[in-house]
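> Structure supplied as final.cif; contents: mmCIF, C-alpha atoms.
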data_my_file
#
loop_
_atom_site.group_PDB
_atom_site.id
_atom_site.type_symbol
_atom_site.label_atom_id
_atom_site.label_comp_id
_atom_site.auth_asym_id
_atom_site.auth_seq_id
_atom_site.Cartn_x
_atom_site.Cartn_y
_atom_site.Cartn_z
ATOM 1 C CA MET A 21 14.779 4.885 11.992
ATOM 2 C CA SER A 22 12.806 5.862 15.054
ATOM 3 C CA LEU A 23 9.239 6.959 15.555
ATOM 4 C CA THR A 24 8.369 10.464 16.702
ATOM 5 C CA THR A 25 6.215 11.020 19.776
ATOM 6 C CA ASN A 26 3.315 11.980 17.542
ATOM 7 C CA GLU A 27 3.679 8.822 15.454
ATOM 8 C CA ARG A 28 3.761 6.660 18.584
ATOM 9 C CA THR A 29 0.600 8.311 19.908
ATOM 10 C CA ILE A 30 -1.179 7.689 16.613
ATOM 11 C CA ILE A 31 -0.090 4.051 16.474
ATOM 12 C CA LEU A 32 -1.201 3.297 20.021
ATOM 13 C CA ALA A 33 -4.558 5.008 19.501
ATOM 14 C CA MET A 34 -5.191 2.956 16.369
ATOM 15 C CA TRP A 35 -4.001 -0.198 18.103
ATOM 16 C CA ASP A 36 -6.708 0.209 20.749
ATOM 17 C CA LYS A 37 -9.284 0.023 17.972
ATOM 18 C CA ILE A 38 -7.537 -2.825 16.148
ATOM 19 C CA ALA A 39 -7.317 -4.875 19.336
ATOM 20 C CA THR A 40 -11.108 -5.220 19.522
ATOM 21 C CA GLU A 41 -11.155 -7.101 16.192
ATOM 22 C CA SER A 42 -7.530 -8.091 15.723
ATOM 23 C CA GLU A 43 -8.281 -11.643 14.614
ATOM 24 C CA GLU A 44 -10.479 -10.430 11.772
ATOM 25 C CA ILE A 45 -7.985 -7.732 10.789
ATOM 26 C CA GLY A 46 -5.263 -10.395 10.734
ATOM 27 C CA ARG A 47 -7.409 -12.797 8.705
ATOM 28 C CA GLU A 48 -8.322 -10.144 6.155
ATOM 29 C CA THR A 49 -4.723 -8.923 5.871
ATOM 30 C CA LEU A 50 -3.500 -12.400 5.041
ATOM 31 C CA ASP A 51 -6.443 -13.043 2.725
ATOM 32 C CA ARG A 52 -5.529 -9.891 0.825
ATOM 33 C CA LEU A 53 -1.866 -10.892 0.728
ATOM 34 C CA LEU A 54 -2.556 -14.321 -0.728
ATOM 35 C CA THR A 55 -5.213 -13.054 -3.154
ATOM 36 C CA VAL A 56 -3.422 -9.971 -4.437
ATOM 37 C CA PHE A 57 0.090 -11.426 -4.367
ATOM 38 C CA PRO A 58 -0.417 -15.137 -5.057
ATOM 39 C CA GLN A 59 3.333 -15.775 -4.988
ATOM 40 C CA ALA A 60 3.079 -15.384 -1.201
ATOM 41 C CA LYS A 61 1.195 -18.680 -1.131
ATOM 42 C CA THR A 62 4.531 -20.403 -1.662
ATOM 43 C CA TYR A 63 5.169 -19.851 2.050
ATOM 44 C CA PHE A 64 1.983 -21.650 2.993
ATOM 45 C CA PRO A 65 1.993 -24.950 1.050
ATOM 46 C CA HIS A 66 0.429 -26.585 4.086
ATOM 47 C CA PHE A 67 -2.664 -24.384 3.878
ATOM 48 C CA ASP A 68 -5.680 -26.295 2.697
ATOM 49 C CA MET A 69 -7.760 -24.106 0.386
ATOM 50 C CA ASN A 70 -11.016 -25.511 1.766
ATOM 51 C CA SER A 71 -10.256 -24.572 5.331
ATOM 52 C CA ARG A 72 -8.346 -21.523 4.185
ATOM 53 C CA SER A 73 -10.516 -19.163 6.168
ATOM 54 C CA ALA A 74 -9.933 -20.962 9.470
ATOM 55 C CA GLN A 75 -6.199 -21.227 8.823
ATOM 56 C CA LEU A 76 -5.991 -17.577 7.828
ATOM 57 C CA ARG A 77 -7.851 -16.632 10.994
ATOM 58 C CA ALA A 78 -5.455 -18.622 13.184
ATOM 59 C CA HIS A 79 -2.345 -17.351 11.472
ATOM 60 C CA GLY A 80 -3.688 -13.819 11.198
ATOM 61 C CA ALA A 81 -4.224 -13.792 14.955
ATOM 62 C CA LYS A 82 -0.569 -14.739 15.482
ATOM 63 C CA VAL A 83 0.653 -12.025 13.145
ATOM 64 C CA MET A 84 -1.524 -9.351 14.777
ATOM 65 C CA SER A 85 -0.467 -10.466 18.243
ATOM 66 C CA ALA A 86 3.156 -9.879 17.280
ATOM 67 C CA ILE A 87 2.338 -6.493 15.779
ATOM 68 C CA GLY A 88 0.523 -5.668 19.002
ATOM 69 C CA ASP A 89 3.610 -6.640 21.017
ATOM 70 C CA ALA A 90 5.663 -4.308 18.874
ATOM 71 C CA ALA A 91 3.141 -1.486 19.331
ATOM 72 C CA LYS A 92 3.020 -1.947 23.103
ATOM 73 C CA ASN A 93 6.833 -1.963 23.270
ATOM 74 C CA ILE A 94 7.288 0.740 20.727
ATOM 75 C CA ASP A 95 10.452 2.020 22.423
ATOM 76 C CA ASN A 96 12.096 -1.346 21.958
ATOM 77 C CA VAL A 97 10.668 -3.164 18.979
ATOM 78 C CA SER A 98 13.974 -5.007 18.516
ATOM 79 C CA GLY A 99 13.685 -6.513 21.975
ATOM 80 C CA ALA A 100 9.994 -7.290 21.678
ATOM 81 C CA LEU A 101 10.453 -9.154 18.387
ATOM 82 C CA ALA A 102 13.862 -10.739 19.085
ATOM 83 C CA ARG A 103 12.567 -14.301 19.035
ATOM 84 C CA LEU A 104 10.530 -13.723 15.883
ATOM 85 C CA SER A 105 13.520 -12.072 14.279
ATOM 86 C CA GLU A 106 15.560 -15.223 14.805
ATOM 87 C CA MET A 107 12.723 -17.416 13.625
ATOM 88 C CA HIS A 108 12.429 -15.474 10.377
ATOM 89 C CA ALA A 109 16.192 -15.511 9.824
ATOM 90 C CA TYR A 110 16.925 -19.157 10.500
ATOM 91 C CA ILE A 111 13.705 -21.077 10.031
ATOM 92 C CA LEU A 112 11.096 -19.196 8.019
ATOM 93 C CA ARG A 113 13.476 -17.291 5.737
ATOM 94 C CA VAL A 114 10.705 -15.311 4.085
ATOM 95 C CA ASP A 115 12.190 -13.194 1.324
ATOM 96 C CA PRO A 116 12.352 -9.581 2.551
ATOM 97 C CA VAL A 117 10.224 -8.280 -0.318
ATOM 98 C CA ASN A 118 7.200 -9.958 1.250
ATOM 99 C CA PHE A 119 7.269 -7.774 4.352
ATOM 100 C CA LYS A 120 6.423 -4.786 2.158
ATOM 101 C CA LEU A 121 3.566 -6.721 0.576
ATOM 102 C CA LEU A 122 2.141 -7.793 3.940
ATOM 103 C CA SER A 123 2.529 -4.272 5.355
ATOM 104 C CA HIS A 124 0.666 -2.839 2.359
ATOM 105 C CA CYS A 125 -2.159 -5.348 2.813
ATOM 106 C CA LEU A 126 -2.425 -4.438 6.505
ATOM 107 C CA LEU A 127 -2.688 -0.759 5.629
ATOM 108 C CA VAL A 128 -5.387 -1.505 3.044
ATOM 109 C CA THR A 129 -7.276 -3.503 5.684
ATOM 110 C CA LEU A 130 -6.963 -0.687 8.231
ATOM 111 C CA ALA A 131 -8.215 1.785 5.599
ATOM 112 C CA THR A 132 -11.303 -0.330 4.914
ATOM 113 C CA HIS A 133 -12.116 -0.858 8.616
ATOM 114 C CA PHE A 134 -11.225 2.554 10.057
ATOM 115 C CA PRO A 135 -11.583 5.100 7.237
ATOM 116 C CA ALA A 136 -12.152 8.048 9.564
ATOM 117 C CA ASP A 137 -9.108 7.223 11.692
ATOM 118 C CA PHE A 138 -6.813 6.291 8.844
ATOM 119 C CA THR A 139 -5.894 9.876 8.016
ATOM 120 C CA ALA A 140 -2.826 10.821 5.984
ATOM 121 C CA GLU A 141 -0.928 11.205 9.269
ATOM 122 C CA ALA A 142 -2.028 7.794 10.518
ATOM 123 C CA HIS A 143 -1.130 6.298 7.122
ATOM 124 C CA GLU A 144 2.372 7.738 7.428
ATOM 125 C CA ALA A 145 2.797 6.531 11.029
ATOM 126 C CA TRP A 146 1.667 2.987 10.253
ATOM 127 C CA ASP A 147 3.698 2.761 7.053
ATOM 128 C CA LYS A 148 6.777 3.813 9.022
ATOM 129 C CA PHE A 149 5.965 1.512 11.963
ATOM 130 C CA MET A 150 5.520 -1.509 9.691
ATOM 131 C CA SER A 151 8.753 -0.579 7.942
ATOM 132 C CA LEU A 152 10.453 -0.664 11.356
ATOM 133 C CA VAL A 153 8.842 -4.009 12.234
ATOM 134 C CA SER A 154 9.957 -5.426 8.875
ATOM 135 C CA SER A 155 13.529 -4.288 9.339
ATOM 136 C CA VAL A 156 13.650 -5.827 12.826
ATOM 137 C CA LEU A 157 12.341 -9.117 11.447
ATOM 138 C CA THR A 158 15.000 -9.204 8.728
ATOM 139 C CA GLU A 159 17.921 -7.774 10.715
ATOM 140 C CA LYS A 160 19.485 -11.184 11.389
ATOM 141 C CA TYR A 161 19.139 -12.500 7.849
ATOM 142 C CA ARG A 162 22.861 -12.171 7.151
ATOM 143 C CA MET B 8 1.425 -5.915 -20.558
ATOM 144 C CA VAL B 9 -1.322 -6.401 -18.012
ATOM 145 C CA HIS B 10 -3.724 -9.305 -18.374
ATOM 146 C CA LEU B 11 -7.041 -8.565 -16.777
ATOM 147 C CA THR B 12 -9.909 -11.024 -16.831
ATOM 148 C CA ALA B 13 -13.379 -9.842 -17.776
ATOM 149 C CA GLU B 14 -14.322 -9.968 -14.105
ATOM 150 C CA GLU B 15 -11.342 -7.871 -13.093
ATOM 151 C CA LYS B 16 -12.144 -5.269 -15.744
ATOM 152 C CA ALA B 17 -15.733 -5.164 -14.533
ATOM 153 C CA ALA B 18 -14.546 -4.735 -10.933
ATOM 154 C CA ILE B 19 -12.358 -1.823 -11.995
ATOM 155 C CA THR B 20 -14.898 0.013 -14.127
ATOM 156 C CA GLY B 21 -17.643 -0.654 -11.601
ATOM 157 C CA LEU B 22 -15.676 1.027 -8.834
ATOM 158 C CA TRP B 23 -14.401 3.823 -11.083
ATOM 159 C CA ALA B 24 -17.956 4.886 -11.878
ATOM 160 C CA LYS B 25 -18.349 5.852 -8.212
ATOM 161 C CA VAL B 26 -15.010 7.621 -7.820
ATOM 162 C CA ASN B 27 -14.894 11.393 -7.340
ATOM 163 C CA VAL B 28 -11.888 12.015 -9.577
ATOM 164 C CA GLU B 29 -11.160 15.491 -8.285
ATOM 165 C CA GLU B 30 -11.141 14.599 -4.592
ATOM 166 C CA THR B 31 -9.555 11.188 -4.925
ATOM 167 C CA GLY B 32 -6.701 12.536 -7.034
ATOM 168 C CA GLY B 33 -5.910 15.270 -4.534
ATOM 169 C CA GLU B 34 -6.093 12.836 -1.661
ATOM 170 C CA ALA B 35 -3.832 10.286 -3.332
ATOM 171 C CA LEU B 36 -1.181 12.826 -4.295
ATOM 172 C CA GLY B 37 -1.396 14.468 -0.875
ATOM 173 C CA ARG B 38 -0.911 11.152 0.900
ATOM 174 C CA LEU B 39 2.071 10.355 -1.327
ATOM 175 C CA LEU B 40 3.734 13.594 -0.192
ATOM 176 C CA VAL B 41 2.852 12.956 3.477
ATOM 177 C CA VAL B 42 3.709 9.273 3.706
ATOM 178 C CA TYR B 43 6.842 9.475 1.535
ATOM 179 C CA PRO B 44 8.117 13.008 2.115
ATOM 180 C CA TRP B 45 11.062 12.587 -0.224
ATOM 181 C CA THR B 46 8.585 12.663 -3.105
ATOM 182 C CA GLN B 47 8.185 16.371 -2.362
ATOM 183 C CA ARG B 48 11.398 16.815 -4.337
ATOM 184 C CA PHE B 49 9.318 17.116 -7.508
ATOM 185 C CA PHE B 50 7.091 19.850 -6.188
ATOM 186 C CA ASP B 51 9.296 22.769 -5.113
ATOM 187 C CA THR B 52 6.897 25.252 -6.679
ATOM 188 C CA PHE B 53 3.847 24.005 -4.806
ATOM 189 C CA GLY B 54 4.183 26.325 -1.818
ATOM 190 C CA ASN B 55 3.361 25.188 1.693
ATOM 191 C CA LEU B 56 4.082 21.480 2.213
ATOM 192 C CA SER B 57 5.245 21.898 5.792
ATOM 193 C CA SER B 58 2.724 19.629 7.530
ATOM 194 C CA PRO B 59 0.197 16.915 6.696
ATOM 195 C CA SER B 60 -2.690 19.377 6.965
ATOM 196 C CA ALA B 61 -0.848 21.948 4.838
ATOM 197 C CA ILE B 62 -0.209 19.296 2.194
ATOM 198 C CA MET B 63 -3.718 17.844 2.166
ATOM 199 C CA GLY B 64 -5.241 21.337 1.943
ATOM 200 C CA ASN B 65 -2.773 22.700 -0.597
ATOM 201 C CA PRO B 66 -4.691 23.835 -3.717
ATOM 202 C CA LYS B 67 -1.801 23.025 -6.062
ATOM 203 C CA VAL B 68 -1.630 19.497 -4.681
ATOM 204 C CA LYS B 69 -5.363 19.085 -5.238
ATOM 205 C CA ALA B 70 -5.173 20.468 -8.769
ATOM 206 C CA HIS B 71 -2.249 18.300 -9.727
ATOM 207 C CA GLY B 72 -3.806 15.259 -8.115
ATOM 208 C CA LYS B 73 -6.894 15.799 -10.231
ATOM 209 C CA LYS B 74 -4.729 16.023 -13.350
ATOM 210 C CA VAL B 75 -2.966 12.760 -12.506
ATOM 211 C CA LEU B 76 -6.157 10.892 -11.777
ATOM 212 C CA THR B 77 -7.871 12.219 -14.901
ATOM 213 C CA SER B 78 -5.047 10.740 -16.887
ATOM 214 C CA PHE B 79 -5.664 7.492 -15.052
ATOM 215 C CA GLU B 80 -9.075 7.496 -16.683
ATOM 216 C CA ASP B 81 -7.272 6.840 -19.967
ATOM 217 C CA ALA B 82 -5.814 3.730 -18.423
ATOM 218 C CA ILE B 83 -9.258 2.466 -17.572
ATOM 219 C CA LYS B 84 -10.514 3.134 -21.076
ATOM 220 C CA ASN B 85 -7.508 1.363 -22.597
ATOM 221 C CA MET B 86 -6.754 -1.473 -20.226
ATOM 222 C CA ASP B 87 -5.573 -3.693 -23.093
ATOM 223 C CA ASN B 88 -3.108 -1.163 -24.455
ATOM 224 C CA LEU B 89 -1.484 0.707 -21.618
ATOM 225 C CA LYS B 90 1.948 0.994 -23.247
ATOM 226 C CA ASP B 91 0.713 2.979 -26.252
ATOM 227 C CA THR B 92 -1.722 4.968 -24.147
ATOM 228 C CA PHE B 93 1.055 6.221 -21.870
ATOM 229 C CA ALA B 94 3.913 6.427 -24.403
ATOM 230 C CA LYS B 95 3.959 10.231 -24.535
ATOM 231 C CA LEU B 96 3.584 10.608 -20.779
ATOM 232 C CA SER B 97 6.384 8.095 -20.319
ATOM 233 C CA GLU B 98 8.719 10.209 -22.442
ATOM 234 C CA LEU B 99 7.667 13.306 -20.528
ATOM 235 C CA HIS B 100 8.311 11.731 -17.120
ATOM 236 C CA CYS B 101 11.741 10.562 -18.235
ATOM 237 C CA ASP B 102 13.057 13.416 -20.357
ATOM 238 C CA LYS B 103 11.448 16.478 -18.800
ATOM 239 C CA LEU B 104 10.255 15.555 -15.320
ATOM 240 C CA HIS B 105 13.081 13.143 -14.416
ATOM 241 C CA VAL B 106 10.867 11.041 -12.169
ATOM 242 C CA ASP B 107 12.244 7.747 -10.831
ATOM 243 C CA PRO B 108 9.694 5.066 -11.860
ATOM 244 C CA GLU B 109 9.672 3.790 -8.293
ATOM 245 C CA ASN B 110 7.436 6.787 -7.597
ATOM 246 C CA PHE B 111 4.760 5.358 -9.917
ATOM 247 C CA ARG B 112 4.643 2.219 -7.792
ATOM 248 C CA LEU B 113 4.417 4.271 -4.592
ATOM 249 C CA LEU B 114 1.567 6.377 -5.984
ATOM 250 C CA GLY B 115 -0.236 3.286 -7.265
ATOM 251 C CA ASN B 116 -0.199 1.740 -3.788
ATOM 252 C CA VAL B 117 -1.345 4.979 -2.201
ATOM 253 C CA MET B 118 -4.244 5.097 -4.679
ATOM 254 C CA VAL B 119 -5.251 1.581 -3.692
ATOM 255 C CA ILE B 120 -5.295 2.627 -0.042
ATOM 256 C CA VAL B 121 -7.398 5.714 -0.816
ATOM 257 C CA LEU B 122 -9.899 3.567 -2.732
ATOM 258 C CA ALA B 123 -9.976 1.133 0.199
ATOM 259 C CA SER B 124 -10.776 3.937 2.632
ATOM 260 C CA HIS B 125 -13.602 5.207 0.404
ATOM 261 C CA PHE B 126 -15.180 1.868 -0.455
ATOM 262 C CA GLY B 127 -14.664 -0.164 2.729
ATOM 263 C CA LYS B 128 -16.073 -3.676 2.535
ATOM 264 C CA ASP B 129 -16.798 -3.278 -1.201
ATOM 265 C CA PHE B 130 -13.057 -3.106 -1.726
ATOM 266 C CA THR B 131 -12.745 -6.868 -1.396
ATOM 267 C CA PRO B 132 -9.459 -8.747 -1.835
ATOM 268 C CA GLN B 133 -10.565 -9.625 -5.372
ATOM 269 C CA VAL B 134 -11.313 -5.999 -6.227
ATOM 270 C CA GLN B 135 -7.997 -4.983 -4.689
ATOM 271 C CA ALA B 136 -6.214 -7.613 -6.792
ATOM 272 C CA ALA B 137 -7.713 -6.190 -9.979
ATOM 273 C CA TRP B 138 -6.724 -2.651 -9.054
ATOM 274 C CA GLN B 139 -3.197 -3.674 -8.064
ATOM 275 C CA LYS B 140 -2.769 -5.259 -11.494
ATOM 276 C CA LEU B 141 -3.966 -2.062 -13.121
ATOM 277 C CA VAL B 142 -1.770 0.323 -11.133
ATOM 278 C CA SER B 143 1.175 -1.988 -11.699
ATOM 279 C CA GLY B 144 0.423 -2.006 -15.442
ATOM 280 C CA VAL B 145 0.242 1.785 -15.502
ATOM 281 C CA ALA B 146 3.551 2.051 -13.623
ATOM 282 C CA THR B 147 5.172 -0.278 -16.136
ATOM 283 C CA ALA B 148 3.687 1.607 -19.098
ATOM 284 C CA LEU B 149 4.941 4.907 -17.693
ATOM 285 C CA SER B 150 8.452 3.445 -17.376
ATOM 286 C CA HIS B 151 8.411 1.901 -20.828
ATOM 287 C CA LYS B 152 10.042 4.780 -22.701
ATOM 288 C CA TYR B 153 12.757 5.421 -20.149
ATOM 289 C CA HIS B 154 16.281 5.394 -21.466
#
Mind turning this structure into structure tokens?

Amino acid sequence: MSLTTNERTIILAMWDKIATESEEIGRETLDRLLTVFPQAKTYFPHFDMNSRSAQLRAHGAKVMSAIGDAAKNIDNVSGALARLSEMHAYILRVDPVNFKLLSHCLLVTLATHFPADFTAEAHEAWDKFMSLVSSVLTEKYR
Amino acid sequence: MVHLTAEEKAAITGLWAKVNVEETGGEALGRLLVVYPWTQRFFDTFGNLSSPSAIMGNPKVKAHGKKVLTSFEDAIKNMDNLKDTFAKLSELHCDKLHVDPENFRLLGNVMVIVLASHFGKDFTPQVQAAWQKLVSGVATALSHKYH
């Protein structure tokens, strides 16, 4: 799966907007994930519900930073996320189904923050991009 | 069977009251066909689906989207009994339309995204959770009669 020129343009344009509030986008994405799909909380037993917001913000920032790396190296997402790919395969071992759930929650978050920019075309580009990111992160699982 | 709390039901009906069924249906179906182009396999007779703008402006897509979302209204009126509500439509989708139930899940998620884009901050994680339960319940109900 590879992204067309048009898709890459769309993703980079949206990323410029995301970058200005990436921590909040990351926090909200994770908040949605854990609220809508509570089974995802099983990967965060160390999260304290009282300081959930601060922990979500910190972790959300990490997640968005990685997505940003992928966007900025869109010709070589495999290379950009190589270390994270190994981490997910050997240490984190997040079941692959969760990447779809997280991707969906990111798209919902983008739709709420950037309704005018999140056109059908942008929706398609980001869905495909996150699908690519997810497959890179699971490519070493077995 | 979907179990919605009183709060979740209120969140759903509260949002639904502000939804423009005609436009939202067309937008949701259009996005399904754009984001997941293989779903176009069910719509050979719809004419021009050659680009995102062609799809989103296609009058047959809009009309059919409205039909689909109007039927969703039944779900909202019968949240405690989705299986019976959608029994006939389930048979239709299996026996006549031959639609893989995975498509119901895809459309449900697209609908959630369309609602998010219309309602912004009001589409909180809690509201999203309620709607995800509902669309998931509808997808299950529509698959119930498959054989």
> CA of Ser151 (chain A) and CA of Leu149 (chain B), how far apart in Å?
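Computing it gives 26.5 Å between the two atoms.
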> With all atoms listed in the file as the counted atoms, please give the residues lying no more than 8 Å from region 127-143 of chain B, apart from itself and same-chain residues fewer than 2 positions off, as a list in words.
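Here the answer would be Asp51, Arg52, Thr55, Val56, Phe57, Ala131, Thr132, His133 and Pro135 of chain A; Val9, Leu11, Glu15, Lys16, Ala18, Ile19, Met86, Arg112, Gly115, Asn116, Val119, Leu122, Ala123, Ser124, His125, Val145, Ala146 and Thr147 of chain B.
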> List as a VMD selection string the protein and nucleic acid residues near Leu157 (chain A), meaning an atom at most 7 Å away when all atoms listed in the file are counted, but skip any in the same chain fewer than 3 places from it.
chain A and resid 104 to 105 108 153 to 154
> Skip His100 (chain B) itself and residues of its chain fewer than 4 positions away, then list as a JSON list (two decimals) with C-alpha atoms, in the frame of the given file all residues within 10 Å of it, counting all atoms listed in the file.

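File produced: result-v6.json:
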[["chain", "number", "residue", "atom", "x", "y", "z"],
["B", 95, "LYS", "CA", 3.96, 10.23, -24.54],
["B", 96, "LEU", "CA", 3.58, 10.61, -20.78],
["B", 104, "LEU", "CA", 10.26, 15.56, -15.32],
["B", 105, "HIS", "CA", 13.08, 13.14, -14.42],
["B", 106, "VAL", "CA", 10.87, 11.04, -12.17],
["B", 107, "ASP", "CA", 12.24, 7.75, -10.83],
["B", 108, "PRO", "CA", 9.69, 5.07, -11.86],
["B", 149, "LEU", "CA", 4.94, 4.91, -17.69],
["B", 150, "SER", "CA", 8.45, 3.44, -17.38],
["B", 152, "LYS", "CA", 10.04, 4.78, -22.70],
["B", 153, "TYR", "CA", 12.76, 5.42, -20.15]]
> Kindly resolve the PyMOL selection byres ((chain A) within 12 of (chain B)) on the present coordinates and return the residues as a PyMOL selection string.
chain A and resi 27+47-58+120-121+123-149+151
> Keeping C-alpha atoms, export the residues of the selection given above as a compact mmCIF listing (two decimals), in the coordinates of the input.

# COMPACT_ATOMS: atom_id res chain seq x y z
CA GLU A 27 3.68 8.82 15.45
CA ARG A 47 -7.41 -12.80 8.70
CA GLU A 48 -8.32 -10.14 6.16
CA THR A 49 -4.72 -8.92 5.87
CA LEU A 50 -3.50 -12.40 5.04
CA ASP A 51 -6.44 -13.04 2.72
CA ARG A 52 -5.53 -9.89 0.82
CA LEU A 53 -1.87 -10.89 0.73
CA LEU A 54 -2.56 -14.32 -0.73
CA THR A 55 -5.21 -13.05 -3.15
CA VAL A 56 -3.42 -9.97 -4.44
CA PHE A 57 0.09 -11.43 -4.37
CA PRO A 58 -0.42 -15.14 -5.06
CA LYS A 120 6.42 -4.79 2.16
CA LEU A 121 3.57 -6.72 0.58
CA SER A 123 2.53 -4.27 5.36
CA HIS A 124 0.67 -2.84 2.36
CA CYS A 125 -2.16 -5.35 2.81
CA LEU A 126 -2.42 -4.44 6.50
CA LEU A 127 -2.69 -0.76 5.63
CA VAL A 128 -5.39 -1.50 3.04
CA THR A 129 -7.28 -3.50 5.68
CA LEU A 130 -6.96 -0.69 8.23
CA ALA A 131 -8.22 1.78 5.60
CA THR A 132 -11.30 -0.33 4.91
CA HIS A 133 -12.12 -0.86 8.62
CA PHE A 134 -11.22 2.55 10.06
CA PRO A 135 -11.58 5.10 7.24
CA ALA A 136 -12.15 8.05 9.56
CA ASP A 137 -9.11 7.22 11.69
CA PHE A 138 -6.81 6.29 8.84
CA THR A 139 -5.89 9.88 8.02
CA ALA A 140 -2.83 10.82 5.98
CA GLU A 141 -0.93 11.20 9.27
CA ALA A 142 -2.03 7.79 10.52
CA HIS A 143 -1.13 6.30 7.12
CA GLU A 144 2.37 7.74 7.43
CA ALA A 145 2.80 6.53 11.03
CA TRP A 146 1.67 2.99 10.25
CA ASP A 147 3.70 2.76 7.05
CA LYS A 148 6.78 3.81 9.02
CA PHE A 149 5.96 1.51 11.96
CA SER A 151 8.75 -0.58 7.94
> Would you compute the distance between CA of Trp35 (chain A) and CA of Met21 (chain A)? Give it in Å to one decimal.
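Computing it gives 20.4 Å between the two atoms.
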> To verify the selection step, state as a ChimeraX atom specification which residues the PyMOL selection byres ((chain B and resi 75-82) around 8) yields on this input.
/B:28-29,31-32,71-74,83-86,89,92,145
> Between B:Glu14, B:Asp51, B:Glu30, B:Asp102, which residue has the minimum interatomic distance to His154 (chain B), considering only C-alpha atoms?
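Ranked by minimum distance to His154 (chain B), first place goes to B:Asp102.
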> Nearest residue to Leu101 (chain A) out of A:Ala78, A:Ala60, A:Leu152, A:Met69, using all atoms listed in the file?
A:Leu152
> Could you write out as lines of an AutoDock Vina configuration file the box around region 29-33 of chain A (axis-aligned, all atoms listed in the file, 3 Å on each side), with centre and edge lengths in Å to one decimal?

center_x = -2.0
center_y = 5.8
center_z = 18.2
size_x = 11.2
size_y = 11.0
size_z = 9.5
